Amino acid sequence: MGLKEKTIASLKKYDSGEEFPQLKLPAIPKASVLIPLLVRDGQLRLLLTVRSIHLKQHAGEVCFPGGKSESGDRDEVHTALREAEEEIGLPRKKVEVICKFFPVINKTGLLITPVVAFIEDSFKASPNTDEVSEVFTLPLEFFTKEADHSGYPVPNVFGPTHSFMYTDPSTGNIHQIWGLTAALAITVAVLALGKKPEFEVGFNLENPASGFKDMLNRKLSKL
């Protein structure tokens, strides 16, 4: 079994499946993000984007492709794929969806469903410059290392706030990856690679599905 196949088998264990749609959720705005993985030179990598500085919210921040659901979207996966195609030109037929995690509610009250997928190593991004200024990939293992990590006792969606500083060797650009994006990247890295981070994460990685559900229920109880 190759690296991609092993990764898919590991991540499928944490698919929220049909359990999430059975939850009774309030009428709050919903969104999805696509967490794109790829294999390059025998290494798992993660694709991220940099939001345009002209956007009203989170301008210039590093994030996953994604956005709010629209009336024509069939489900959370459809939202993630549509947004990725619109933002970076990723064809939906070139995406192999692995699983979706339990949704999380971010600090603005948006219910976000993370959708994990594999994309082809040959994919060349065509960013919509109105929304995305840059697209880059980095080793997934980066999110388990202490060297470029900082943790802050500032409450975030998953507990404390995590931040990473990554220097892209192909451009020299320095990117800060923090908050919800960092927490999701840590989670995927741990589940896909089967290794614990070199730092304390402050949230449940032993049983992430249960942890995601508990966090969601706590948030919903306060609405």
# chains A, B, ... in the order shown; residues from 1 in each chain; ligands from 1

call {"tool": "residues_around", "arguments": {"residues": "A:Lys30", "least_positions_apart": "4", "cutoff": "6 Å", "atoms": "only C-alpha atoms", "output": "PyMOL selection string"}}
result
chain A and resi 68-69+110-112

call {"tool": "residues_around", "arguments": {"residues": "stretch 168-183 of chain A", "least_positions_apart": "3", "cutoff": "8 Å", "atoms": "only C-alpha atoms", "output": "mmCIF file with N, CA, C and O atoms, in the first residue's frame"}}
result
data_model
loop_
_atom_site.group_PDB
_atom_site.id
_atom_site.type_symbol
_atom_site.label_atom_id
_atom_site.label_comp_id
_atom_site.auth_asym_id
_atom_site.auth_seq_id
_atom_site.Cartn_x
_atom_site.Cartn_y
_atom_site.Cartn_z
ATOM 1 N N GLU A 61 -4.497 37.005 5.047
ATOM 2 C CA GLU A 61 -4.267 35.847 5.919
ATOM 3 C C GLU A 61 -4.139 34.564 5.102
ATOM 4 O O GLU A 61 -4.692 34.435 4.011
ATOM 5 N N VAL A 62 -3.406 33.607 5.678
ATOM 6 C CA VAL A 62 -3.275 32.283 5.077
ATOM 7 C C VAL A 62 -4.487 31.447 5.477
ATOM 8 O O VAL A 62 -4.893 31.434 6.653
ATOM 9 N N CYS A 63 -5.065 30.749 4.515
ATOM 10 C CA CYS A 63 -6.239 29.932 4.822
ATOM 11 C C CYS A 63 -6.368 28.810 3.797
ATOM 12 O O CYS A 63 -5.609 28.735 2.832
ATOM 13 N N PHE A 64 -7.348 27.952 4.025
ATOM 14 C CA PHE A 64 -7.687 26.920 3.053
ATOM 15 C C PHE A 64 -8.671 27.498 2.042
ATOM 16 O O PHE A 64 -9.401 28.445 2.347
ATOM 17 N N ASN A 106 -16.656 29.285 14.043
ATOM 18 C CA ASN A 106 -15.529 30.205 14.219
ATOM 19 C C ASN A 106 -15.941 31.418 15.049
ATOM 20 O O ASN A 106 -17.082 31.531 15.512
ATOM 21 N N PHE A 136 0.388 28.180 -2.239
ATOM 22 C CA PHE A 136 1.647 27.476 -1.998
ATOM 23 C C PHE A 136 1.374 26.153 -1.303
ATOM 24 O O PHE A 136 0.280 25.922 -0.771
ATOM 25 N N LEU A 138 3.276 23.082 1.368
ATOM 26 C CA LEU A 138 4.347 22.856 2.332
ATOM 27 C C LEU A 138 4.194 21.454 2.907
ATOM 28 O O LEU A 138 3.113 20.856 2.828
ATOM 29 N N PHE A 143 3.607 20.779 10.512
ATOM 30 C CA PHE A 143 2.650 21.121 11.565
ATOM 31 C C PHE A 143 2.753 20.215 12.794
ATOM 32 O O PHE A 143 1.896 20.284 13.684
ATOM 33 N N ASN A 156 -9.256 30.124 21.307
ATOM 34 C CA ASN A 156 -9.597 30.034 19.897
ATOM 35 C C ASN A 156 -10.655 28.961 19.758
ATOM 36 O O ASN A 156 -11.128 28.419 20.748
ATOM 37 N N VAL A 157 -11.020 28.617 18.536
ATOM 38 C CA VAL A 157 -12.062 27.608 18.312
ATOM 39 C C VAL A 157 -11.720 26.297 18.990
ATOM 40 O O VAL A 157 -12.559 25.642 19.598
ATOM 41 N N PHE A 158 -10.442 25.881 18.930
ATOM 42 C CA PHE A 158 -10.006 24.594 19.461
ATOM 43 C C PHE A 158 -9.348 24.709 20.833
ATOM 44 O O PHE A 158 -8.831 23.733 21.348
ATOM 45 N N THR A 161 -4.422 29.379 20.980
ATOM 46 C CA THR A 161 -4.129 29.775 19.605
ATOM 47 C C THR A 161 -2.753 29.280 19.184
ATOM 48 O O THR A 161 -1.773 29.490 19.905
ATOM 49 N N HIS A 162 -2.677 28.619 18.041
ATOM 50 C CA HIS A 162 -1.407 28.133 17.501
ATOM 51 C C HIS A 162 -0.998 28.990 16.309
ATOM 52 O O HIS A 162 -1.840 29.449 15.531
ATOM 53 N N SER A 163 0.310 29.180 16.169
ATOM 54 C CA SER A 163 0.839 29.977 15.060
ATOM 55 C C SER A 163 2.122 29.350 14.552
ATOM 56 O O SER A 163 2.954 28.870 15.338
ATOM 57 N N PHE A 164 2.292 29.330 13.238
ATOM 58 C CA PHE A 164 3.508 28.829 12.594
ATOM 59 C C PHE A 164 4.027 29.897 11.638
ATOM 60 O O PHE A 164 3.254 30.594 10.987
ATOM 61 N N MET A 165 5.341 29.994 11.534
ATOM 62 C CA MET A 165 5.970 30.872 10.548
ATOM 63 C C MET A 165 6.680 29.995 9.528
ATOM 64 O O MET A 165 7.589 29.237 9.877
ATOM 65 N N ILE A 186 -2.855 21.034 12.037
ATOM 66 C CA ILE A 186 -2.288 20.157 13.068
ATOM 67 C C ILE A 186 -3.089 18.862 13.142
ATOM 68 O O ILE A 186 -2.525 17.756 13.180
ATOM 69 N N THR A 187 -4.408 18.984 13.167
ATOM 70 C CA THR A 187 -5.278 17.807 13.269
ATOM 71 C C THR A 187 -5.054 16.845 12.101
ATOM 72 O O THR A 187 -4.879 15.639 12.302
#

call {"tool": "select_by_dssp", "arguments": {"residues": "chain A", "states": "strand (DSSP E)", "output": "PyMOL selection string"}}
result
chain A and resi 30-40+43-51+62-63+66-68+95-100+104-105+111-119+132-139+149-156+159-167+174-178

call {"tool": "atom_distance", "arguments": {"atom1": "atom CA of A:Thr79", "atom2": "atom CA of A:Lys100"}}
result
12.1 Å

call {"tool": "atom_distance", "arguments": {"atom1": "atom CA of A:Glu86", "atom2": "atom CA of A:Pro127"}}
result
8.3 Å

call {"tool": "atom_distance", "arguments": {"atom1": "atom CA of A:Val115", "atom2": "atom CA of A:Phe101"}}
result
6.5 Å

call {"tool": "select_by_dssp", "arguments": {"residues": "stretch 91-155 of chain A", "states": "helix (DSSP H, G or I)", "output": "number ranges by chain"}}
result
A: 92-94, 140-144

call {"tool": "closest_residue", "arguments": {"among": "A:Arg51, A:Arg82, A:Arg40, A:Lys145", "to": "A:Ile119", "atoms": "only C-alpha atoms"}}
result
A:Arg40

call {"tool": "residues_around", "arguments": {"residues": "A:Ala192", "least_positions_apart": "4", "cutoff": "9 Å", "atoms": "only C-alpha atoms", "output": "ChimeraX atom specification"}}
result
/A:6-11,44,140,187-188

call {"tool": "residues_around", "arguments": {"residues": "A:Glu120", "least_positions_apart": "3", "cutoff": "9 Å", "atoms": "only C-alpha atoms", "output": "tab-separated table (two decimals) with C-alpha atoms, in the first residue's frame"}}
result
chain	number	residue	atom	x	y	z
A	37	LEU	CA	-3.36	17.05	0.29
A	38	LEU	CA	-0.94	15.86	-2.36
A	39	VAL	CA	2.05	13.55	-2.60
A	94	LYS	CA	-9.58	16.32	-10.21
A	95	VAL	CA	-10.39	16.20	-6.48
A	96	GLU	CA	-10.62	12.91	-4.56
A	123	PHE	CA	-2.11	20.78	-10.33

call {"tool": "closest_residue", "arguments": {"among": "A:Pro29, A:Pro139, A:Gly151, A:Pro103", "to": "A:Thr167", "atoms": "only C-alpha atoms"}}
result
A:Pro139

call {"tool": "closest_residue", "arguments": {"among": "A:Gly67, A:Pro91, A:His78, A:Val132", "to": "A:Val50", "atoms": "only C-alpha atoms"}}
result
A:Val132

call {"tool": "closest_residue", "arguments": {"among": "A:Asp15, A:Asp73, A:Glu5, A:Glu85", "to": "A:Leu34", "atoms": "only C-alpha atoms"}}
result
A:Glu85
